[in-house]
Structures are given as C-alpha cells and as structure tokens.
$ cat query26.cif   # mmCIF, C-alpha atoms
data_my_file
#
loop_
_atom_site.label_atom_id
_atom_site.label_comp_id
_atom_site.auth_asym_id
_atom_site.auth_seq_id
_atom_site.Cartn_x
_atom_site.Cartn_y
_atom_site.Cartn_z
CA MET A 1 -25.42 111.16 -169.05
CA GLU A 2 -23.79 113.97 -170.92
CA GLU A 3 -25.29 115.34 -174.11
CA ARG A 4 -24.18 113.57 -177.29
CA ALA A 5 -22.83 115.49 -180.25
CA PRO A 6 -25.30 115.99 -183.11
CA GLU A 7 -23.09 113.91 -185.41
CA VAL A 8 -23.19 110.98 -182.98
CA LYS A 9 -26.96 111.25 -182.65
CA GLN A 10 -27.27 111.34 -186.44
CA ALA A 11 -25.06 108.25 -186.75
CA GLU A 12 -27.15 106.45 -184.13
CA GLU A 13 -30.31 107.24 -186.09
CA LYS A 14 -28.70 105.89 -189.27
CA LEU A 15 -27.61 102.77 -187.43
CA TYR A 16 -31.11 102.14 -186.06
CA LYS A 17 -32.53 102.58 -189.56
CA GLY A 18 -30.11 99.97 -190.89
CA GLU A 19 -28.01 102.50 -192.78
CA VAL A 20 -24.81 101.02 -191.37
CA SER A 21 -22.34 102.31 -193.98
CA GLU A 22 -23.60 105.85 -193.52
CA ALA A 23 -23.39 105.54 -189.72
CA ILE A 24 -19.79 104.34 -190.02
CA ARG A 25 -18.92 107.21 -192.35
CA ILE A 26 -20.39 109.80 -189.98
CA LEU A 27 -18.72 108.32 -186.90
CA GLU A 28 -15.32 107.93 -188.54
CA GLN A 29 -15.45 111.55 -189.71
CA TYR A 30 -16.53 112.75 -186.26
CA ILE A 31 -13.84 110.74 -184.43
CA ILE A 32 -11.10 112.34 -186.55
CA SER A 33 -11.75 115.62 -184.74
CA HIS A 34 -12.87 114.00 -181.44
CA PRO A 35 -10.46 111.09 -180.92
CA GLU A 36 -11.19 110.84 -177.18
CA ASP A 37 -14.98 110.48 -177.48
CA TYR A 38 -15.21 106.96 -176.06
CA TYR A 39 -19.00 106.87 -176.54
CA ALA A 40 -18.66 107.56 -180.28
CA ILE A 41 -15.82 105.05 -180.59
CA ASN A 42 -17.93 102.39 -178.86
CA LYS A 43 -20.83 103.22 -181.17
CA LEU A 44 -18.50 102.89 -184.16
CA GLY A 45 -17.64 99.42 -182.87
CA VAL A 46 -21.35 98.57 -182.78
CA ALA A 47 -21.68 99.81 -186.36
CA PHE A 48 -18.73 97.64 -187.41
CA VAL A 49 -20.39 94.61 -185.80
CA ASN A 50 -23.49 95.33 -187.86
CA ASP A 51 -21.28 95.56 -190.94
CA GLY A 52 -19.60 92.23 -190.19
CA LYS A 53 -16.21 93.82 -189.44
CA ILE A 54 -15.63 92.06 -186.14
CA ALA A 55 -11.88 92.73 -185.79
CA ARG A 56 -12.40 96.46 -186.33
CA ALA A 57 -15.29 96.41 -183.87
CA ARG A 58 -13.13 94.82 -181.19
CA GLU A 59 -10.43 97.44 -181.79
CA CYS A 60 -13.02 100.17 -181.21
CA PHE A 61 -14.30 98.57 -178.03
CA LEU A 62 -10.77 98.18 -176.67
CA ARG A 63 -9.98 101.80 -177.59
CA ALA A 64 -13.12 103.02 -175.78
CA ILE A 65 -12.04 101.06 -172.69
CA GLU A 66 -8.55 102.51 -172.95
CA ILE A 67 -9.98 106.05 -172.98
CA ASN A 68 -12.51 105.44 -170.22
CA PRO A 69 -12.12 102.19 -168.24
CA LYS A 70 -15.24 103.09 -166.21
CA PHE A 71 -17.55 103.00 -169.27
CA ALA A 72 -19.33 99.63 -169.14
CA PRO A 73 -20.85 99.15 -172.66
CA PRO A 74 -17.67 98.20 -174.54
CA TYR A 75 -16.95 95.44 -172.00
CA SER A 76 -20.38 93.96 -172.65
CA ASN A 77 -19.90 94.42 -176.39
CA ILE A 78 -16.65 92.44 -176.30
CA GLY A 79 -18.52 89.82 -174.29
CA ASN A 80 -21.03 89.64 -177.14
CA LEU A 81 -18.23 89.11 -179.66
CA CYS A 82 -16.83 86.31 -177.50
CA THR A 83 -20.26 84.72 -177.10
CA GLU A 84 -20.86 84.80 -180.84
CA SER A 85 -17.52 83.09 -181.48
CA GLY A 86 -18.12 80.43 -178.81
CA LYS A 87 -15.56 81.79 -176.35
CA TYR A 88 -17.94 81.48 -173.43
CA GLU A 89 -15.45 81.66 -170.56
CA GLU A 90 -13.91 84.83 -171.99
CA ALA A 91 -17.38 86.29 -172.54
CA LEU A 92 -18.24 85.62 -168.91
CA ILE A 93 -15.23 87.68 -167.80
CA TRP A 94 -16.20 90.64 -170.00
CA TYR A 95 -19.86 90.63 -168.92
CA LYS A 96 -18.93 90.42 -165.24
CA LYS A 97 -16.52 93.33 -165.66
CA ALA A 98 -19.28 95.42 -167.25
CA ILE A 99 -21.60 94.62 -164.33
CA GLU A 100 -18.84 95.33 -161.82
CA ILE A 101 -18.41 98.79 -163.36
CA ASP A 102 -22.14 99.45 -163.57
CA PRO A 103 -24.40 97.11 -161.59
CA ASN A 104 -27.41 98.90 -163.13
CA PHE A 105 -26.36 98.12 -166.71
CA SER A 106 -29.29 95.90 -167.65
CA SER A 107 -27.96 95.17 -171.12
CA ALA A 108 -24.90 93.43 -169.68
CA ARG A 109 -27.15 91.41 -167.38
CA THR A 110 -29.40 90.29 -170.24
CA ASN A 111 -26.31 89.42 -172.31
CA LEU A 112 -24.99 87.41 -169.37
CA ALA A 113 -28.38 85.69 -169.09
CA HIS A 114 -28.11 84.73 -172.76
CA LEU A 115 -24.65 83.30 -172.13
CA TYR A 116 -25.93 81.30 -169.18
CA ARG A 117 -28.75 79.99 -171.36
CA LEU A 118 -26.29 78.92 -174.05
CA THR A 119 -24.21 77.06 -171.50
CA GLY A 120 -27.21 75.30 -169.97
CA ARG A 121 -27.35 77.30 -166.75
CA ILE A 122 -31.04 78.19 -166.98
CA ASP A 123 -31.47 79.05 -163.28
CA MET A 124 -28.61 81.53 -163.50
CA ALA A 125 -30.06 82.95 -166.73
CA VAL A 126 -33.43 83.56 -165.11
CA ASP A 127 -31.70 85.07 -162.06
CA GLU A 128 -29.83 87.55 -164.27
CA LEU A 129 -33.03 88.49 -166.11
CA LYS A 130 -34.70 89.14 -162.76
CA LYS A 131 -31.76 91.32 -161.70
CA ALA A 132 -31.97 93.25 -164.96
CA TYR A 133 -35.66 93.78 -164.40
CA HIS A 134 -35.25 94.92 -160.82
CA ARG A 135 -32.39 97.27 -161.74
CA GLU A 136 -34.83 99.04 -164.05
CA GLY A 137 -37.33 99.58 -161.26
CA GLY A 138 -39.21 96.29 -161.21
CA TRP A 139 -42.62 96.33 -159.63
CA THR A 140 -41.68 99.36 -157.54
CA GLY A 141 -41.27 101.41 -160.72
CA SER A 142 -44.06 102.54 -162.97
CA ILE A 143 -45.29 99.80 -165.30
CA SER A 144 -45.70 102.39 -168.03
CA ARG A 145 -42.11 103.57 -167.55
CA ASN A 146 -40.74 100.02 -167.67
CA TRP A 147 -43.20 98.34 -170.02
CA TRP A 148 -40.51 97.51 -172.58
CA LEU A 149 -38.25 95.88 -170.01
CA TRP A 150 -41.14 93.91 -168.52
CA ILE A 151 -41.91 92.53 -171.98
CA LEU A 152 -38.21 91.76 -172.54
CA VAL A 153 -37.95 89.85 -169.26
CA VAL A 154 -41.10 87.82 -169.91
CA ALA A 155 -40.06 87.11 -173.51
CA GLY A 156 -36.57 86.15 -172.34
CA ILE A 157 -37.86 83.77 -169.71
CA LEU A 158 -40.27 82.19 -172.18
CA TYR A 159 -37.52 81.90 -174.77
CA PHE A 160 -35.16 80.25 -172.31
CA VAL A 161 -37.82 77.86 -171.02
CA TYR A 162 -39.26 76.79 -174.38
CA ARG A 163 -35.99 76.79 -176.31
CA GLY A 164 -34.33 74.72 -173.63
CA SER A 165 -36.99 72.02 -173.61
#
$ encode --input "query26.cif" --output "structure tokens"
Amino acid sequence: MEERAPEVKQAEEKLYKGEVSEAIRILEQYIISHPEDYYAINKLGVAFVNDGKIARARECFLRAIEINPKFAPPYSNIGNLCTESGKYEEALIWYKKAIEIDPNFSSARTNLAHLYRLTGRIDMAVDELKKAYHREGGWTGSISRNWWLWILVVAGILYFVYRGS
C-alpha cells in the first residue's frame, strides 16, 4: 500500500477519536487540492457515515469507485449502507464485488457474514467468517500477528449463534 498523505493520516486519527467534524474538514480541504485521491475520498465517505450524512457518503464511495474501480473498500462501504437500509439483495451485490476485486479483503467478508446472519443464512455467515480468518493467515499465521482477527472471528461466531437462538 502506498504511503498516505499526512493530512489523510491526521483525518483518520481524528475519525478514530470520534472527532468526525474535524476529520471531515481536514479531508474536504485536502481533496480540494487532491481530487483524484480515491483513498481520501473513500475515507471522507466513512466520515460522512459517522456524521449521519448517508447521501453524501454514498456520493464519496461512488466517486472513489469512479476514480479507481479496482479499490475494494468503497464497494463494501456501499454494501454497508444498503444493509443498514434493509436493501439486502443490493448489499449482497456490493459485497461480492468487493471480494471479487480483493479476495483477501477480510472486512468485506465479515460484512457479508453479517448480511448472511441478518437474512438467516447462519451457515453461510460462519463460512464467510472462516474465510476472513483464513485470508488473514489463520492457524498457519502467527497467533500474535492475528490475535485481533482470531478474537473477531470467535466473537462473531458466538454473536451469530447466540443472537440467532
């Protein structure tokens, strides 16, 4: 992955700290002079989601795809918007496109697993969580390197099993 601009890194830090308005301000200012930075535009979409501006978020995700159709995150992000609004069939298309572009994109797989859980397809949800885990190295990778994903997979499986019963 290429190095991110300092402004984008700063905006990401603000976003992770919950300073959404400041993250949006930084990203919007940065994108004025870097209108083709699809990563920053996608991140701005994420910030808009966190700010409840769903239409603007979708515009950002679509713009990021327009600039770089081989960048998987905005496809998954649009899938998330569709899932949240109950458009499950449309969400499925977006998640599958993200995975088609990047089969190692674990986030899209866990999002797809969530969608499968919501639609009652528990076996498929568990299968996607397993794929996400194995894409990150699974048991062949270092447990210390993948500890966070291992916890996510176990928590996801437990959530799906207990929430579904």
$ resolve_selection --input "query26.cif" --expression "the PyMOL selection byres ((chain A and resi 15) around 12)" --output "MDAnalysis selection string"
chainID A and resid 8:14 16:27 43:51
$ closest_residue --input "query26.cif" --among "A:Arg63, A:Lys131, A:Lys97, A:Lys87" --to "Leu118 in chain A" --atoms "only C-alpha atoms"
A:Lys87
$ residues_around --input "query26.cif" --residues "Tyr75 in chain A" --least-positions-apart "3" --cutoff "12 Å" --atoms "all atoms listed in the file" --output "MDAnalysis selection string"
chainID A and resid 42 45 58:66 68:72 78:82 90:102 105 107:109 111:112
$ atom_distance --input "query26.cif" --atom1 "CA of Ala5 in chain A" --atom2 "CA of Ile54 in chain A"
25.2 Å
$ atom_distance --input "query26.cif" --atom1 "CA of Tyr116 in chain A" --atom2 "CA of Pro103 in chain A"
17.6 Å
$ atom_distance --input "query26.cif" --atom1 "CA of Thr119 in chain A" --atom2 "CA of Ser106 in chain A"
19.9 Å
$ axis_aligned_box --input "query26.cif" --around "range 39-52 of chain A" --padding-each-side "6 Å" --output "AutoDock Vina command-line options"
--center_x -19.7 --center_y 99.9 --center_z -183.7 --size_x 19.7 --size_y 27.3 --size_z 26.4
$ closest_residue --input "query26.cif" --among "A:Ala132, A:Ala113, A:Ala55, A:Ala125" --to "Ser85 in chain A" --atoms "all atoms listed in the file"
A:Ala55
$ closest_residue --input "query26.cif" --among "A:Ile157, A:Glu7, A:Leu115, A:Ala57" --to "Glu89 in chain A" --atoms "only C-alpha atoms"
A:Leu115
$ closest_residue --input "query26.cif" --among "A:Gly86, A:Pro74, A:Gly52, A:Gly120" --to "Tyr38 in chain A" --atoms "all atoms listed in the file"
A:Pro74
$ closest_residue --input "query26.cif" --among "A:Tyr88, A:Tyr162, A:Tyr30, A:Tyr39" --to "Ile122 in chain A" --atoms "only C-alpha atoms"
A:Tyr162
$ closest_residue --input "query26.cif" --among "A:Ala155, A:Arg117, A:Ile41, A:Glu84" --to "Arg56 in chain A" --atoms "only C-alpha atoms"
A:Ile41
